[in-house]
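> Just passing along the structure, written as structure tokens.
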Amino acid sequence: MTSTTCVKELFTHIIDEERHTSVKVTVVGTGQVGMASAFAMLTQGVISELALVDMVADKLKGEMLDLQHGQAFLRTVKVQASTDYSVTAGSKICVVTAGARQNLGETRLQLVQKNVAIFKHIIPNLIKYSPNCILIIVSNPVDILTYVAWKISGLPRNQVIGSGTMLDSSRFRFILSERIGIAPKSVHGYIIGEHGDSSVAVWSSVNIAGTRLKDIHPHTGDPDDPENWNEIHKEVVNSAYEIIKLKGYTSWAIGVMISTLCNAILKNQKVIYSLSTLAKGYHGIEEEVFLSLPCVVGEKGVGAVFDQKLLPNEMEKVKASAKTLHDVIKSLEL
């Protein structure tokens with residue numbers, strides 16, 4: 001606390017120093033996604049301390065001041081920002097959104113080599129100051145960069161998480177809910193595999209109040225489905241491309257998603273989300289790759305992977321997704 005004559009006149013201190021248990025999260029990258037994530041965590045009361053890191057000092061300071069000036073309307077949060085990674089010290093979670101932006105017409109996989117070089121600088125610095133943190137990777141291509149972060153960091157697999165298809169699954173549930181005419185929270189379904197073109201819609205488990213759509217309409221999601229439910233998955237895959245075409249970037253949905261994920265970790269909620277995790281050994285996957293599977297999320301990160309029962313064709317698609325990712329990983333220089 002600042003020691004001035006005015007402050008001394010206002011208060012009679014009975015302890016030497018105020019101590020509290022900090023719930024600190026770092027966000028690396030103050031672009032649209034990073035700031036949407038930071039803003040969501042502030043407004044949802046997820047954290048007590050926020051550290052922002054970026055290479056562009058002026059923008060970084062501006063974002064910090066903008067957030068600080070709203071403190072009178074929010075739960076009080078200590079907000080700091082610096083180009084120096086020492087500001088991240090003691091973080092429980094480090095969210096990485098930094099990287100080259102996905103351009104119109106550019107696939108997530110085309111981003112990989114540019115962003116690997118960036119990660120070689122970011123990840124060691126985060127681990128230097130927060131050696132026991134949980135890493136959440138959001139930068140694209142997220143599955144490959146989560147693998148890269150795992151290799152560079154030396155952290156156990158449970159502490160390195162990719163945002164993966166958590167948002168894809170939310171998009172899936174929303175579009176399904178629009179077609180059915182109920183709230184998205186009442187539709188249950190997962191997108192797994194790559195966060196990208198080879199993702200897999202698990203139609204076999206899509207259900208409303210425990211009733212599977214396939215029990216009512218066996219061809220739901222099949223290529224020859226006369227009702228064209230499979231078009232919903234195509235819309236999910238194209239969602240990000242469409243938003244980028246319309247507004248130049250995606251931000252709000254991923255920001256709310258990251259805030260929700262951090263909250264689940266910090267409060268040990270043990271909820272299940274579709275997240276990018278080490279997939280070797282699941283569904284016949286033999287390659288050492290990260291891709292999205294239903295994960296139980298708590299204070300240790302990914303505490304368990306749910307043994308989802310897949311149809312043979314769904315399993316083959318997941319294995320193909322793994323192969324697509326592994327083919328890229330083999331070409332990386334780490």
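Just remember, in the structure tokens the first chain shown is A, the second B, etc., residues are 1-based per chain, and ligands are 1-based in the order shown.
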Name the residues in contact with Val318 of chain A at a cut-off of 8 Å, using only C-alpha atoms, excluding same-chain residues fewer than 4 positions from it; report them as a list in words.
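Those residues are Ile192, Gly193, Ser199, Val200, His283, Glu314 and Ala322 of chain A.
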> Would you write out those residues with C-alpha atoms, as a compact mmCIF listing (two decimals), in the first residue's frame?

# COMPACT_ATOMS: atom_id res chain seq x y z
CA ILE A 192 -13.71 -34.46 -31.50
CA GLY A 193 -10.45 -34.93 -33.40
CA SER A 199 -12.84 -32.91 -37.12
CA VAL A 200 -15.39 -35.60 -36.29
CA HIS A 283 -9.51 -45.29 -30.31
CA GLU A 314 -16.42 -42.53 -36.28
CA ALA A 322 -4.66 -38.22 -36.01
> Could you name the residues that touch Val96 of chain A at 12 Å or less, counting only C-alpha atoms, but leaving out those on the same chain fewer than 4 positions away, as a PyMOL selection string?
chain A and resi 25-31+33-35+37-38+51-54+115+118-119+121-123+125-126+134-140+142+145-146+149+160-163+258
> Looking at A:Lys317, A:Arg157, A:His217, A:Lys114, which one is nearest to Asp197 of chain A, with distances taken over only C-alpha atoms?
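Distance minimum relative to Asp197 of chain A lands on A:Lys317.
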> One number please: atom CA of Ala40 of chain A to atom CA of Val305 of chain A, in Å, one decimal.
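Pair atom CA of Ala40 of chain A / atom CA of Val305 of chain A returns 26.7 Å.
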> If you run DSSP on the backbone, which residues of segment 45-109 of chain A are strand (DSSP E or B), as number ranges by chain?
A: 49-53, 78-82, 93-96
> With C-alpha atoms kept, could you save the residues just selected as a compact mmCIF listing (two decimals), in the first residue's frame?

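The file below, result-v9.txt, is the result:
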# COMPACT_ATOMS: atom_id res chain seq x y z
CA GLU A 49 -4.94 -11.21 -10.72
CA LEU A 50 -4.30 -10.87 -14.45
CA ALA A 51 -0.99 -10.54 -16.28
CA LEU A 52 -0.86 -9.53 -19.94
CA VAL A 53 2.19 -10.10 -22.14
CA LYS A 78 -4.98 -6.67 -10.07
CA VAL A 79 -4.15 -6.09 -13.73
CA GLN A 80 -0.52 -5.88 -14.85
CA ALA A 81 1.09 -5.87 -18.28
CA SER A 82 4.63 -6.02 -19.57
CA ILE A 93 -2.77 -20.82 -15.61
CA CYS A 94 -0.98 -19.38 -18.66
CA VAL A 95 -3.18 -18.87 -21.71
CA VAL A 96 -1.29 -18.55 -25.00
> If we count only C-alpha atoms, what is near Leu332 of chain A at a cut-off of 12 Å, once residues fewer than 6 positions away on the same chain are taken out, given as an NGL selection string?
:A and (109 or 112-117 or 144-145 or 147-148 or 151 or 325-326)
> For the selection you just gave me, I'd like the residues written to a file as a compact mmCIF listing (two decimals), in the first residue's frame, keeping C-alpha atoms.

# COMPACT_ATOMS: atom_id res chain seq x y z
CA LEU A 109 -2.31 -26.17 -40.66
CA VAL A 112 2.15 -24.11 -38.18
CA GLN A 113 5.76 -23.31 -39.07
CA LYS A 114 5.37 -19.58 -38.40
CA ASN A 115 3.93 -20.23 -34.96
CA VAL A 116 6.37 -22.94 -33.88
CA ALA A 117 9.15 -20.35 -33.98
CA ILE A 144 -0.03 -29.14 -33.28
CA LEU A 145 0.97 -26.15 -31.15
CA TYR A 147 1.99 -30.80 -28.89
CA VAL A 148 4.82 -28.29 -29.46
CA LYS A 151 7.49 -30.92 -25.86
CA LEU A 325 -1.86 -34.11 -37.66
CA HIS A 326 1.04 -36.54 -37.30
> Quick one: residues within 12 Å of segment 231-237 of chain A, only C-alpha atoms, excluding same-chain residues fewer than 5 positions away - as a PyMOL selection string?
chain A and resi 107-108+165-180+189-203+220-226+242-243
> So that I have them on file, write out the residues from the current selection with N, CA and C atoms, as a short mmCIF file (atom, residue, chain, number, x, y, z; two decimals), in the first residue's frame.

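Done, and the output landed in part-v8.cif:
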data_model
loop_
_atom_site.label_atom_id
_atom_site.label_comp_id
_atom_site.auth_asym_id
_atom_site.auth_seq_id
_atom_site.Cartn_x
_atom_site.Cartn_y
_atom_site.Cartn_z
N THR A 107 -5.57 -22.25 -44.25
CA THR A 107 -5.98 -23.27 -43.31
C THR A 107 -5.18 -23.13 -42.02
N ARG A 108 -5.69 -23.74 -40.94
CA ARG A 108 -4.99 -23.69 -39.66
C ARG A 108 -3.62 -24.38 -39.76
N THR A 165 -11.53 -28.63 -29.73
CA THR A 165 -12.88 -28.54 -30.30
C THR A 165 -13.93 -28.20 -29.25
N MET A 166 -13.50 -27.58 -28.15
CA MET A 166 -14.46 -27.14 -27.15
C MET A 166 -15.42 -26.11 -27.76
N LEU A 167 -14.87 -25.18 -28.55
CA LEU A 167 -15.72 -24.20 -29.21
C LEU A 167 -16.49 -24.84 -30.37
N ASP A 168 -15.85 -25.75 -31.10
CA ASP A 168 -16.55 -26.45 -32.18
C ASP A 168 -17.79 -27.17 -31.63
N SER A 169 -17.62 -27.78 -30.45
CA SER A 169 -18.74 -28.49 -29.83
C SER A 169 -19.85 -27.52 -29.44
N SER A 170 -19.47 -26.33 -28.99
CA SER A 170 -20.46 -25.30 -28.67
C SER A 170 -21.19 -24.85 -29.92
N ARG A 171 -20.45 -24.66 -31.01
CA ARG A 171 -21.08 -24.29 -32.28
C ARG A 171 -22.03 -25.39 -32.74
N PHE A 172 -21.60 -26.62 -32.60
CA PHE A 172 -22.40 -27.79 -32.97
C PHE A 172 -23.72 -27.79 -32.21
N ARG A 173 -23.64 -27.59 -30.89
CA ARG A 173 -24.84 -27.61 -30.05
C ARG A 173 -25.76 -26.43 -30.38
N PHE A 174 -25.16 -25.28 -30.68
CA PHE A 174 -25.98 -24.11 -31.02
C PHE A 174 -26.75 -24.34 -32.32
N ILE A 175 -26.05 -24.80 -33.35
CA ILE A 175 -26.71 -24.98 -34.65
C ILE A 175 -27.78 -26.07 -34.56
N LEU A 176 -27.48 -27.14 -33.81
CA LEU A 176 -28.49 -28.18 -33.58
C LEU A 176 -29.70 -27.60 -32.85
N SER A 177 -29.44 -26.77 -31.84
CA SER A 177 -30.54 -26.20 -31.05
C SER A 177 -31.43 -25.31 -31.90
N GLU A 178 -30.83 -24.58 -32.84
CA GLU A 178 -31.60 -23.72 -33.73
C GLU A 178 -32.53 -24.56 -34.61
N ARG A 179 -32.04 -25.70 -35.05
CA ARG A 179 -32.84 -26.56 -35.93
C ARG A 179 -33.96 -27.25 -35.14
N ILE A 180 -33.65 -27.62 -33.89
CA ILE A 180 -34.62 -28.35 -33.08
C ILE A 180 -35.59 -27.41 -32.38
N GLY A 189 -23.83 -33.00 -27.40
CA GLY A 189 -23.11 -33.59 -28.51
C GLY A 189 -21.69 -33.07 -28.55
N TYR A 190 -20.80 -33.82 -29.17
CA TYR A 190 -19.38 -33.48 -29.20
C TYR A 190 -18.82 -33.50 -30.61
N ILE A 191 -17.92 -32.56 -30.85
CA ILE A 191 -17.01 -32.62 -31.98
C ILE A 191 -15.65 -33.01 -31.41
N ILE A 192 -15.01 -34.02 -31.99
CA ILE A 192 -13.71 -34.46 -31.50
C ILE A 192 -12.72 -34.48 -32.66
N GLY A 193 -11.48 -34.88 -32.37
CA GLY A 193 -10.45 -34.93 -33.40
C GLY A 193 -9.75 -33.61 -33.56
N GLU A 194 -9.34 -33.30 -34.78
CA GLU A 194 -8.63 -32.05 -35.08
C GLU A 194 -9.58 -30.86 -34.96
N HIS A 195 -9.07 -29.75 -34.45
CA HIS A 195 -9.80 -28.49 -34.56
C HIS A 195 -9.52 -27.96 -35.96
N GLY A 196 -10.34 -28.43 -36.89
CA GLY A 196 -10.09 -28.08 -38.28
C GLY A 196 -10.91 -28.95 -39.21
N ASP A 197 -10.42 -29.08 -40.43
CA ASP A 197 -11.20 -29.71 -41.48
C ASP A 197 -11.45 -31.20 -41.28
N SER A 198 -10.60 -31.88 -40.50
CA SER A 198 -10.79 -33.32 -40.31
C SER A 198 -11.47 -33.65 -38.97
N SER A 199 -12.13 -32.66 -38.38
CA SER A 199 -12.84 -32.91 -37.12
C SER A 199 -13.96 -33.92 -37.33
N VAL A 200 -14.40 -34.52 -36.22
CA VAL A 200 -15.39 -35.60 -36.29
C VAL A 200 -16.59 -35.26 -35.42
N ALA A 201 -17.77 -35.25 -36.04
CA ALA A 201 -19.01 -35.08 -35.28
C ALA A 201 -19.46 -36.45 -34.79
N VAL A 202 -19.60 -36.60 -33.47
CA VAL A 202 -19.99 -37.89 -32.90
C VAL A 202 -21.51 -37.96 -32.87
N TRP A 203 -22.08 -38.26 -34.02
CA TRP A 203 -23.54 -38.32 -34.16
C TRP A 203 -24.14 -39.44 -33.33
N THR A 220 -29.25 -40.14 -39.06
CA THR A 220 -28.80 -38.81 -38.64
C THR A 220 -27.28 -38.67 -38.80
N GLY A 221 -26.88 -37.68 -39.58
CA GLY A 221 -25.45 -37.41 -39.76
C GLY A 221 -24.78 -38.22 -40.85
N ASP A 222 -25.47 -39.20 -41.42
CA ASP A 222 -24.88 -40.02 -42.48
C ASP A 222 -24.82 -39.22 -43.78
N PRO A 223 -23.87 -39.55 -44.67
CA PRO A 223 -23.76 -38.82 -45.95
C PRO A 223 -25.04 -38.91 -46.79
N ASP A 224 -25.77 -40.03 -46.67
CA ASP A 224 -26.99 -40.22 -47.47
C ASP A 224 -28.26 -39.86 -46.70
N ASP A 225 -28.11 -39.13 -45.60
CA ASP A 225 -29.25 -38.74 -44.78
C ASP A 225 -30.18 -37.82 -45.58
N PRO A 226 -31.44 -38.25 -45.82
CA PRO A 226 -32.36 -37.41 -46.61
C PRO A 226 -32.71 -36.10 -45.93
N GLU A 242 -16.11 -18.37 -42.04
CA GLU A 242 -17.19 -17.44 -42.34
C GLU A 242 -17.08 -16.18 -41.49
N ILE A 243 -16.77 -16.34 -40.20
CA ILE A 243 -16.64 -15.19 -39.32
C ILE A 243 -15.45 -14.32 -39.73
#
> Among segment 75-205 of chain A, which residues carry a DSSP assignment of helix (DSSP H, G or I), reported as number ranges by chain?
A: 85-88, 108-129, 142-153, 157-159, 166-180, 184-186, 203-205
> Hey, which of A:Thr277, A:Thr4, A:Gln71, A:Ser186 ends up closest to Gly303 of chain A? Count only C-alpha atoms.
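Of all the options, A:Thr277 lies closest to Gly303 of chain A.
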> Between atom CA of Asn158 of chain A and atom CA of Val289 of chain A, what distance in Å does the model show, to one decimal?
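Going from atom CA of Asn158 of chain A over to atom CA of Val289 of chain A covers 13.9 Å.
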> Could you pull the residues within 8 Å of Lys280 of chain A, counting only C-alpha atoms, minus those fewer than 5 positions along the same chain, as a PDB file with N, CA and C atoms, in the first residue's frame?

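Contents of the output file out.pdb:
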ATOM      1  N   ILE A 285      -5.466 -45.049 -31.871  1.00  0.00           N
ATOM      2  CA  ILE A 285      -4.473 -44.063 -32.335  1.00  0.00           C
ATOM      3  C   ILE A 285      -3.085 -44.494 -31.866  1.00  0.00           C
ATOM      4  N   GLU A 286      -2.183 -44.675 -32.789  1.00  0.00           N
ATOM      5  CA  GLU A 286      -0.827 -45.123 -32.469  1.00  0.00           C
ATOM      6  C   GLU A 286       0.186 -43.985 -32.474  1.00  0.00           C
ATOM      7  N   GLU A 287      -0.171 -42.861 -33.105  1.00  0.00           N
ATOM      8  CA  GLU A 287       0.756 -41.744 -33.231  1.00  0.00           C
ATOM      9  C   GLU A 287       0.747 -40.884 -31.957  1.00  0.00           C
ATOM     10  N   GLU A 288       1.885 -40.254 -31.678  1.00  0.00           N
ATOM     11  CA  GLU A 288       1.991 -39.330 -30.550  1.00  0.00           C
ATOM     12  C   GLU A 288       1.507 -37.960 -31.026  1.00  0.00           C
ATOM     13  N   VAL A 289       0.202 -37.740 -30.875  1.00  0.00           N
ATOM     14  CA  VAL A 289      -0.406 -36.497 -31.323  1.00  0.00           C
ATOM     15  C   VAL A 289      -1.346 -35.967 -30.247  1.00  0.00           C
ATOM     16  N   PHE A 290      -1.615 -34.682 -30.321  1.00  0.00           N
ATOM     17  CA  PHE A 290      -2.657 -34.073 -29.509  1.00  0.00           C
ATOM     18  C   PHE A 290      -3.865 -33.821 -30.408  1.00  0.00           C
TER      19      PHE A 290
END
> Find the distance between atom CA of Leu10 of chain A and atom CA of Ser22 of chain A and write it in Å to one decimal.
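Between these atoms lies a distance of 25.9 Å.
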> With distances taken over only C-alpha atoms, which residue among A:Gln32, A:Ser331, A:Thr5, A:Ser153 lies nearest Ala253 of chain A?
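Of A:Gln32, A:Ser331, A:Thr5, A:Ser153, the one nearest Ala253 of chain A is A:Gln32, counting only C-alpha atoms.
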> Between A:His69, A:Lys92, A:Lys24, A:His188, which one has atoms that come closest to Ile272 of chain A, using only C-alpha atoms?
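For Ile272 of chain A, the nearest of the candidates is A:His188.
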